[in-house]
>>> print(open('entry-v3.cif').read())   # mmCIF, C-alpha atoms and all ligand atoms; chains and numbers go by the auth columns
data_final
#
loop_
_atom_site.group_PDB
_atom_site.id
_atom_site.type_symbol
_atom_site.label_atom_id
_atom_site.label_comp_id
_atom_site.label_asym_id
_atom_site.label_seq_id
_atom_site.Cartn_x
_atom_site.Cartn_y
_atom_site.Cartn_z
_atom_site.B_iso_or_equiv
_atom_site.auth_seq_id
_atom_site.auth_asym_id
ATOM 1 C CA MET A 1 -142.369 -37.595 23.933 0.00 26 A
ATOM 2 C CA PRO A 2 -143.077 -34.061 25.149 0.00 27 A
ATOM 3 C CA SER A 3 -140.540 -31.347 24.573 0.00 28 A
ATOM 4 C CA GLN A 4 -139.840 -28.671 27.132 0.00 29 A
ATOM 5 C CA PHE A 5 -137.997 -25.388 27.073 0.00 30 A
ATOM 6 C CA GLU A 6 -137.141 -22.944 29.823 0.00 31 A
ATOM 7 C CA CYS A 7 -136.394 -19.358 28.949 0.00 32 A
ATOM 8 C CA PHE A 8 -132.711 -18.510 29.275 0.00 33 A
ATOM 9 C CA GLN A 9 -133.237 -14.879 30.248 0.00 34 A
ATOM 10 C CA ASP A 10 -132.438 -13.959 33.854 0.00 35 A
ATOM 11 C CA GLY A 11 -135.535 -13.356 35.906 0.00 36 A
ATOM 12 C CA CYS A 12 -137.879 -14.882 33.366 0.00 37 A
ATOM 13 C CA SER A 13 -139.829 -17.897 34.483 0.00 38 A
ATOM 14 C CA PHE A 14 -141.326 -18.689 31.108 0.00 39 A
ATOM 15 C CA MET A 15 -141.499 -22.381 30.438 0.00 40 A
ATOM 16 C CA VAL A 16 -143.193 -24.118 27.584 0.00 41 A
ATOM 17 C CA ARG A 17 -144.062 -27.702 26.997 0.00 42 A
ATOM 18 C CA ALA A 18 -145.531 -29.255 23.890 0.00 43 A
ATOM 19 C CA ASP A 19 -145.747 -32.526 22.042 0.00 44 A
ATOM 20 C CA THR A 20 -143.453 -31.565 19.210 0.00 45 A
ATOM 21 C CA ASP A 21 -140.239 -29.616 18.800 0.00 46 A
ATOM 22 C CA ASP A 22 -141.861 -27.503 16.096 0.00 47 A
ATOM 23 C CA GLU A 23 -144.543 -26.339 18.471 0.00 48 A
ATOM 24 C CA VAL A 24 -142.025 -25.512 21.187 0.00 49 A
ATOM 25 C CA VAL A 25 -139.845 -23.608 18.741 0.00 50 A
ATOM 26 C CA HIS A 26 -142.806 -21.596 17.557 0.00 51 A
ATOM 27 C CA LEU A 27 -143.970 -20.712 21.069 0.00 52 A
ATOM 28 C CA VAL A 28 -140.480 -19.836 22.252 0.00 53 A
ATOM 29 C CA GLN A 29 -139.852 -17.600 19.258 0.00 54 A
ATOM 30 C CA GLU A 30 -143.102 -15.779 19.942 0.00 55 A
ATOM 31 C CA HIS A 31 -142.271 -15.414 23.627 0.00 56 A
ATOM 32 C CA ALA A 32 -138.762 -14.134 22.922 0.00 57 A
ATOM 33 C CA GLN A 33 -140.128 -11.604 20.470 0.00 58 A
ATOM 34 C CA TYR A 34 -142.874 -10.228 22.690 0.00 59 A
ATOM 35 C CA ALA A 35 -141.291 -10.550 26.126 0.00 60 A
ATOM 36 C CA HIS A 36 -137.671 -9.762 25.332 0.00 61 A
ATOM 37 C CA ASP A 37 -137.722 -8.177 21.890 0.00 62 A
ATOM 38 C CA LEU A 38 -135.359 -10.883 20.712 0.00 63 A
ATOM 39 C CA SER A 39 -135.455 -13.073 17.687 0.00 64 A
ATOM 40 C CA ILE A 40 -133.870 -16.452 18.080 0.00 65 A
ATOM 41 C CA ASP A 41 -133.447 -18.964 15.349 0.00 66 A
ATOM 42 C CA ALA A 42 -135.036 -22.378 15.419 0.00 67 A
ATOM 43 C CA GLU A 43 -131.713 -24.189 15.740 0.00 68 A
ATOM 44 C CA THR A 44 -130.864 -22.329 18.935 0.00 69 A
ATOM 45 C CA VAL A 45 -134.179 -23.295 20.457 0.00 70 A
ATOM 46 C CA GLU A 46 -133.889 -26.884 19.299 0.00 71 A
ATOM 47 C CA ALA A 47 -130.452 -27.193 20.847 0.00 72 A
ATOM 48 C CA GLU A 48 -131.874 -26.186 24.225 0.00 73 A
ATOM 49 C CA ILE A 49 -135.012 -28.288 24.201 0.00 74 A
ATOM 50 C CA GLU A 50 -135.293 -30.841 26.944 0.00 75 A
ATOM 51 C CA ARG A 51 -137.054 -34.041 26.074 0.00 76 A
ATOM 52 C CA THR A 52 -138.834 -35.456 29.052 0.00 77 A
HETATM 53 ZN ZN ZN B . -138.436 -15.210 28.713 0.00 1 B
#
>>> encode(input="entry-v3.cif", output="structure tokens")
Amino acid sequence: MPSQFECFQDGCSFMVRADTDDEVVHLVQEHAQYAHDLSIDAETVEAEIERT
């Protein structure tokens, strides 16, 4: 079951999709760091993951 996450920042169209939550969390954390200079914890990402 793929997991999907859309960035919560206004004006950001980043969206990631992967086979596992772990992968999504990792990619989102990297994106948040580089694109927004934010660090978000894994639980926050996991809570927002959509399972499609
Ligand atoms: Zn973003």
>>> resolve_selection(input="entry-v3.cif", expression="the PyMOL selection byres (((not hetatm)) within 10 of (chain B and resi 1))", output="ChimeraX atom specification")
/A:31-40,53-63
>>> atom_distance(input="entry-v3.cif", atom1="atom CA of Ser64 of chain A", atom2="atom CA of Met26 of chain A")
26.2 Å
>>> resolve_selection(input="entry-v3.cif", expression="the PyMOL selection byres (((chain A and resi 51) around 12) and not hetatm)", output="ChimeraX atom specification")
/A:30,41-43,45-50,52-58,64-68,70-71
>>> residues_around(input="entry-v3.cif", residues="Arg76 of chain A", least_positions_apart="5", cutoff="7 Å", atoms="all atoms listed in the file", output="list in words")
Met26, Pro27, Ser28 and Gln29 of chain A
>>> axis_aligned_box(input="entry-v3.cif", around="segment 36-42 of chain A", padding_each_side="6 Å", output="lines of an AutoDock Vina configuration file")
center_x = -139.8
center_y = -20.5
center_z = 31.5
size_x = 20.5
size_y = 26.3
size_z = 20.9
>>> decode(input="entry-v3.cif", residues="segment 34-51 of chain A", atoms="N, CA, C and O atoms", output="tab-separated table (two decimals), in the first residue's frame")
chain	number	residue	atom	x	y	z
A	34	GLN	N	3.27	23.36	3.63
A	34	GLN	CA	3.64	24.77	3.54
A	34	GLN	C	2.86	25.45	2.41
A	34	GLN	O	2.77	24.90	1.32
A	35	ASP	N	2.35	26.64	2.68
A	35	ASP	CA	1.63	27.39	1.65
A	35	ASP	C	2.52	27.62	0.44
A	35	ASP	O	3.68	27.99	0.58
A	36	GLY	N	1.97	27.39	-0.74
A	36	GLY	CA	2.69	27.69	-1.95
A	36	GLY	C	3.68	26.61	-2.36
A	36	GLY	O	4.36	26.76	-3.37
A	37	CYS	N	3.78	25.57	-1.60
A	37	CYS	CA	4.69	24.48	-1.94
A	37	CYS	C	3.89	23.33	-2.51
A	37	CYS	O	2.92	22.89	-1.92
A	38	SER	N	4.31	22.85	-3.66
A	38	SER	CA	3.55	21.79	-4.30
A	38	SER	C	4.25	20.44	-4.17
A	38	SER	O	3.94	19.50	-4.88
A	39	PHE	N	5.19	20.37	-3.25
A	39	PHE	CA	5.92	19.12	-3.06
A	39	PHE	C	4.98	18.00	-2.64
A	39	PHE	O	4.16	18.15	-1.75
A	40	MET	N	5.12	16.89	-3.31
A	40	MET	CA	4.33	15.72	-2.95
A	40	MET	C	5.22	14.50	-3.12
A	40	MET	O	5.99	14.42	-4.07
A	41	VAL	N	5.15	13.60	-2.18
A	41	VAL	CA	6.00	12.43	-2.27
A	41	VAL	C	5.14	11.18	-2.08
A	41	VAL	O	4.14	11.17	-1.36
A	42	ARG	N	5.57	10.15	-2.77
A	42	ARG	CA	4.85	8.91	-2.71
A	42	ARG	C	5.86	7.78	-2.68
A	42	ARG	O	6.81	7.78	-3.44
A	43	ALA	N	5.68	6.85	-1.76
A	43	ALA	CA	6.62	5.74	-1.68
A	43	ALA	C	5.89	4.52	-1.13
A	43	ALA	O	4.75	4.60	-0.69
A	44	ASP	N	6.59	3.40	-1.16
A	44	ASP	CA	5.96	2.15	-0.75
A	44	ASP	C	5.85	2.00	0.76
A	44	ASP	O	4.99	1.28	1.25
A	45	THR	N	6.72	2.69	1.48
A	45	THR	CA	6.70	2.52	2.93
A	45	THR	C	6.66	3.88	3.63
A	45	THR	O	7.14	4.88	3.09
A	46	ASP	N	6.11	3.88	4.82
A	46	ASP	CA	6.08	5.10	5.63
A	46	ASP	C	7.49	5.61	5.89
A	46	ASP	O	7.74	6.81	5.84
A	47	ASP	N	8.39	4.69	6.18
A	47	ASP	CA	9.77	5.08	6.50
A	47	ASP	C	10.40	5.90	5.38
A	47	ASP	O	11.09	6.89	5.62
A	48	GLU	N	10.15	5.45	4.16
A	48	GLU	CA	10.71	6.13	3.01
A	48	GLU	C	10.10	7.53	2.87
A	48	GLU	O	10.81	8.50	2.60
A	49	VAL	N	8.79	7.60	3.04
A	49	VAL	CA	8.11	8.89	2.95
A	49	VAL	C	8.65	9.83	4.02
A	49	VAL	O	8.98	10.99	3.75
A	50	VAL	N	8.75	9.35	5.23
A	50	VAL	CA	9.24	10.17	6.34
A	50	VAL	C	10.63	10.72	6.01
A	50	VAL	O	10.89	11.91	6.18
A	51	HIS	N	11.47	9.85	5.52
A	51	HIS	CA	12.83	10.26	5.19
A	51	HIS	C	12.84	11.35	4.12
A	51	HIS	O	13.52	12.37	4.25
